[in-house]
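**Q** The structure is given below, and queries will be raised subsequently.
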Amino acid sequence: MIPLVERKEYLERLAQWKDEQVIKVITGIRRCGKSTLLLQYQTWLKANGVSADQIVSVNFEELEYEELLDYRKLYEYLKNHLCVGKKTYIFLDEIQKVAAFEKVVDSLYVKPDIDIYIIGSNAYMLSSDLATLLTGRYVEIKMLPLSFKEFLDITALDAEQGLTEYLRDGGLPYIAVMNRTSEKVETYLEGIYNTVIVKDIEDRQARKESDPFKRKITDIVLLKTIAKYLASVAGNPVSIRSITNYLTSNGRKLSPNTVSDYVDALIESFIFYPAERFDIVGKQLLKANRKLYIVDLGLRNYILPRQNYDLGFSLENIVYFELLRRGYRVMIGKVGNTEVDFVAERKSTYSYIQVTADMTAKETFERELKPLSNIRDNYEKIILTADRFTPGNYNGIQVKYLPDWLLGKNS
C-alpha cells in the first residue's frame, strides 16, 4: 500500500471553495498528488456531513470507466448518479482524455445542487473551447510537487541533509516516502517522464485533431530533444530562435513555428514553467528572452544524468517554484544593464530577489548586491544564499539563509 501524502495547503483551498458556484479545476504535472488530493478531500467531505451517495468519482485512467470516454455516455452516467434532493459532488480525474468533455461539464454546471471538481495533467484543456465556455465560471488550483518544507515534514530529515536530497531527487510525493536508492529514484522518474512526454502529449494531440490549422506534435524524439535542451539551459534566457538555431546546428532543420509548438506542448504538460523578463524602472514586461524553469529537479537530473551539478541554478529553480507556491507572479528583472534573478509581484507590491550558492567571496558579494543597489524604489530587496556566514542587512538589502527562507523563517 503506497502511503498517501497529505497536501494540507491544497486541501484547505478546496475546502474554502466547497459549494461555491464555480467549477474547481486542479492542474499540475502527473504524480504531483492531484488524485490523492481528491481522495483526501472526499474523506474530508464525509467527515463533515456529506454521505457517500452524494459523491460521484470517475478516474479516466481506470479501465472500468473506458466506455465513459464517450462524452454522451459520461453525461448519462453522471445524470443517473445524481443524488436527488441533496448536493452531489462530482469528481472527474484526467478529464482531458474525454473528447468534448467541456460539453458535459457545462451541462452539469447549469443544474442545481451540483459541485464539480475536475483534474487535468495538461494545460491545453484550459485553452480554446473550455476557457471560452467556462469564462468566469471556474477556479484553477495549480498543484506543484512538494515544497522543501513538505519534503522535510515527510522525510523527517534535518534541513541540511534534506536540502541535499531535495536538490538531487526532487519533490514528487512518492519520492519522499520511498526508499530512495539512486536506481529506484531513476526508474520512477523515467516512468513519469515518459508518461508525460508520450501520454499527455497524445491527449493534447487528440484535442487538437479537430482543428486542421493547428500544428501537430508527432515526433516524440524531437520533443525529447527539445526537452533535454531546455533542461540544460533552464534558468538562462532562451528564445524560440535560439532553440531553433541549436537544433539546426545539430542537423535538424525546423521552422521556428514548429519549435514554438513543441515548446508550448512541454509547457502545457507542466514540465517547464516560463518567467518573462520585466523592466523594473518602467514596470513593464519585455518581449525577448524569457527563462524556463523545470518543475522538478529530480526530473532534470534524470534528463541530464551526466551534466555537471549546477548548485546555483538548482537553488534558483527551487526559489522560483517556492515563490509560485506563495502566490506571487514571478518575472526576471532588468535594471539598466544588470539582471535581478526574480521580481515577485503580488497585489501591486514587488520584491526583488537574488539567489546565490555562496557569497563569502568578495567579488561574488559585490556582484550579487550591485543589481539590487541600482534599484531606486523602496520595495524589499533580498539575497538568498546557501552559505551561513553572510546573512544580515546591508544598506537595506537583506541577505537571508536560503533553507530558513524556504521554511518560512523570517520570510
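Here, A, B, ... name the chains of the C-alpha cells in the order displayed, residue numbers run from 1 inside each chain, and ligands are numbered from 1 in the same displayed order.
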Can you tell me which residues surround region 16-28 of chain A at a distance of at most 7 Å, considering only C-alpha atoms, apart from same-chain residues fewer than 6 positions away, and format the answer as a VMD selection string?
**A** chain A and resid 34 115 to 121 137 to 144 270
**Q** Give me the residues near Ala176 (chain A) as a VMD selection string, where near means some atom within 8 Å (using only C-alpha atoms) and where sequence neighbours in that chain fewer than 5 positions away do not count.
**A** chain A and resid 151 154 to 155 171
**Q** Could you dump the residues just selected with N, CA and C atoms as a PDB file, in the first residue's frame?
**A**
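The resulting part.pdb:
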ATOM      1  N   PHE A 151       8.671  18.393   2.085  1.00  0.00           N
ATOM      2  CA  PHE A 151       9.634  17.305   1.937  1.00  0.00           C
ATOM      3  C   PHE A 151      10.274  16.962   3.277  1.00  0.00           C
ATOM      4  N   ILE A 154       7.786  15.215   5.670  1.00  0.00           N
ATOM      5  CA  ILE A 154       7.518  13.811   5.334  1.00  0.00           C
ATOM      6  C   ILE A 154       8.727  12.922   5.629  1.00  0.00           C
ATOM      7  N   THR A 155       9.914  13.398   5.271  1.00  0.00           N
ATOM      8  CA  THR A 155      11.113  12.565   5.404  1.00  0.00           C
ATOM      9  C   THR A 155      11.726  12.616   6.801  1.00  0.00           C
ATOM     10  N   GLY A 171      10.946  16.659  -5.646  1.00  0.00           N
ATOM     11  CA  GLY A 171       9.890  16.708  -4.646  1.00  0.00           C
ATOM     12  C   GLY A 171       8.589  16.035  -5.045  1.00  0.00           C
TER      13      GLY A 171
END
**Q** For Val281 (chain A), which of A:Gly408, A:Pro371, A:Gly392, A:Gly336 is the closest residue, counting only C-alpha atoms?
**A**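 Using only C-alpha atoms, the shortest distance to Val281 (chain A) belongs to A:Gly336.
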**Q** Using only C-alpha atoms, determine which residues lie at most 8 Å from Glu380 (chain A), disregarding the query and same-chain residues fewer than 5 positions distant; provide the list as a ChimeraX atom specification.
**A** /A:350-352,397
**Q** The selected residues should be written to file as a PDB file, in the first residue's frame (atoms: N, CA and C atoms).
**A**
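Below is the file that was written, part_5.pdb:
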ATOM      1  N   TYR A 350       6.063  44.718  -4.967  1.00  0.00           N
ATOM      2  CA  TYR A 350       7.160  43.966  -5.559  1.00  0.00           C
ATOM      3  C   TYR A 350       8.195  43.568  -4.511  1.00  0.00           C
ATOM      4  N   SER A 351       8.843  42.430  -4.766  1.00  0.00           N
ATOM      5  CA  SER A 351      10.043  42.025  -4.042  1.00  0.00           C
ATOM      6  C   SER A 351      11.101  41.690  -5.080  1.00  0.00           C
ATOM      7  N   TYR A 352      12.333  42.145  -4.829  1.00  0.00           N
ATOM      8  CA  TYR A 352      13.438  41.865  -5.742  1.00  0.00           C
ATOM      9  C   TYR A 352      14.375  40.872  -5.068  1.00  0.00           C
ATOM     10  N   ILE A 397      19.490  46.034   2.015  1.00  0.00           N
ATOM     11  CA  ILE A 397      19.392  44.765   1.283  1.00  0.00           C
ATOM     12  C   ILE A 397      19.550  43.625   2.285  1.00  0.00           C
TER      13      ILE A 397
END
**Q** Please provide the set of residues having any atom within 8 Å of Glu368 (chain A), restricted to only C-alpha atoms, with same-chain residues fewer than 2 positions apart removed, written as a list of chain:residue names.
**A**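 Returned residues: A:Gln354, A:Thr356, A:Met359, A:Thr364, A:Phe365, A:Glu366, A:Lys370, A:Pro371, A:Leu372, A:Ile383.
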**Q** Where in region 289-407 of chain A does DSSP assign alpha helix (DSSP H), given as a PyMOL selection string?
**A** chain A and resi 297-303+311-325+362-373+402-406
**Q** Taking 6 positions as the minimum chain separation for residues in the same chain, which residues sit within 8 Å of Val295 (chain A) when counting only C-alpha atoms? Answer as a list in words.
**A**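 Everything that qualifies: Leu144, Pro145, Phe270, Ile271, Phe272, Tyr273 and Phe321 of chain A.
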**Q** For the residues in the current selection, export N, CA, C and O atoms as a PDB file, in the first residue's frame.
**A**
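What ended up in result24.pdb:
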ATOM      1  N   LEU A 144       1.689  21.800  -7.436  1.00  0.00           N
ATOM      2  CA  LEU A 144       3.112  21.599  -7.689  1.00  0.00           C
ATOM      3  C   LEU A 144       3.619  20.415  -6.868  1.00  0.00           C
ATOM      4  O   LEU A 144       2.959  19.987  -5.914  1.00  0.00           O
ATOM      5  N   PRO A 145       4.784  19.876  -7.222  1.00  0.00           N
ATOM      6  CA  PRO A 145       5.412  18.885  -6.335  1.00  0.00           C
ATOM      7  C   PRO A 145       5.643  19.470  -4.941  1.00  0.00           C
ATOM      8  O   PRO A 145       5.403  20.660  -4.697  1.00  0.00           O
ATOM      9  N   PHE A 270       3.172  20.897 -18.060  1.00  0.00           N
ATOM     10  CA  PHE A 270       3.671  21.294 -16.737  1.00  0.00           C
ATOM     11  C   PHE A 270       5.075  20.760 -16.438  1.00  0.00           C
ATOM     12  O   PHE A 270       5.432  20.580 -15.279  1.00  0.00           O
ATOM     13  N   ILE A 271       5.877  20.507 -17.482  1.00  0.00           N
ATOM     14  CA  ILE A 271       7.282  20.158 -17.255  1.00  0.00           C
ATOM     15  C   ILE A 271       8.100  21.426 -17.080  1.00  0.00           C
ATOM     16  O   ILE A 271       8.952  21.519 -16.193  1.00  0.00           O
ATOM     17  N   PHE A 272       7.844  22.414 -17.920  1.00  0.00           N
ATOM     18  CA  PHE A 272       8.565  23.693 -17.842  1.00  0.00           C
ATOM     19  C   PHE A 272       7.582  24.831 -17.570  1.00  0.00           C
ATOM     20  O   PHE A 272       6.448  24.817 -18.048  1.00  0.00           O
ATOM     21  N   TYR A 273       8.050  25.791 -16.792  1.00  0.00           N
ATOM     22  CA  TYR A 273       7.259  26.972 -16.451  1.00  0.00           C
ATOM     23  C   TYR A 273       8.021  28.222 -16.905  1.00  0.00           C
ATOM     24  O   TYR A 273       9.214  28.352 -16.615  1.00  0.00           O
ATOM     25  N   PHE A 321       9.882  28.214  -7.818  1.00  0.00           N
ATOM     26  CA  PHE A 321       8.642  27.492  -7.525  1.00  0.00           C
ATOM     27  C   PHE A 321       8.115  27.791  -6.125  1.00  0.00           C
ATOM     28  O   PHE A 321       6.898  27.781  -5.913  1.00  0.00           O
TER      29      PHE A 321
END
**Q** For the atom pair CA of Leu39 (chain A) and CA of Tyr174 (chain A), what is the interatomic distance in Å to one decimal place?
**A**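 These two atoms are separated by 15.7 Å.
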**Q** Give me, please, the distance in Å between CA of Lys216 (chain A) and CA of Tyr262 (chain A), quoted to one decimal.
**A**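 If I compute the distance from CA of Lys216 (chain A) to CA of Tyr262 (chain A), I get 8.8 Å.
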**Q** Counting only C-alpha atoms, what is within 12 Å of Gly312 (chain A), bar same-chain residues fewer than 3 positions away, as a ChimeraX atom specification?
**A** /A:167,234-236,308-309,315-319,341,354-359,384-387,402
**Q** Need to verify the contact set: Lys73 (chain A), 10 Å, only C-alpha atoms, exclusion of same-chain residues closer than 6 positions in sequence. Can you return it as a ChimeraX atom specification?
**A** /A:67,79,104
**Q** Take the residues from that selection and write them out as a PDB file, in the first residue's frame, keeping C-alpha atoms.
**A**
ATOM      1  CA  GLU A  67     -16.740   3.402 -22.093  1.00  0.00           C
ATOM      2  CA  LYS A  79     -27.001  12.237 -14.625  1.00  0.00           C
ATOM      3  CA  VAL A 104     -20.565  17.571 -20.098  1.00  0.00           C
TER       4      VAL A 104
END
**Q** Expressed in Å to a single decimal, how great is the separation between CA of Lys287 (chain A) and CA of Gly251 (chain A)?
**A**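 Interatomic distance, CA of Lys287 (chain A) to CA of Gly251 (chain A): 28.2 Å.
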**Q** Write out as a PyMOL selection string all residues of region 6-200 of chain A that backbone DSSP assigns to strand (DSSP E or B).
**A** chain A and resi 23-27+55-59+88-93+114-120+138-142
**Q** Which of these residues is nearest to Met178 (chain A), using only C-alpha atoms: A:Ile114, A:Val105, A:Val5, A:Met125?
**A**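 Of all the options, A:Val5 lies closest to Met178 (chain A).
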**Q** Sorted by chain and rising residue number, list the residues of region 9-48 of chain A at most 8 Å from region 183-201 of chain A (counting only C-alpha atoms), each with its closest atom pair and distance in Å to one decimal, as a tab-separated table.
**A**
residue	atom	partner	partner_atom	distance
A:Ile29	CA	A:Val196	CA	7.7
A:Arg30	CA	A:Val196	CA	6.9
A:Arg31	CA	A:Ile192	CA	7.5
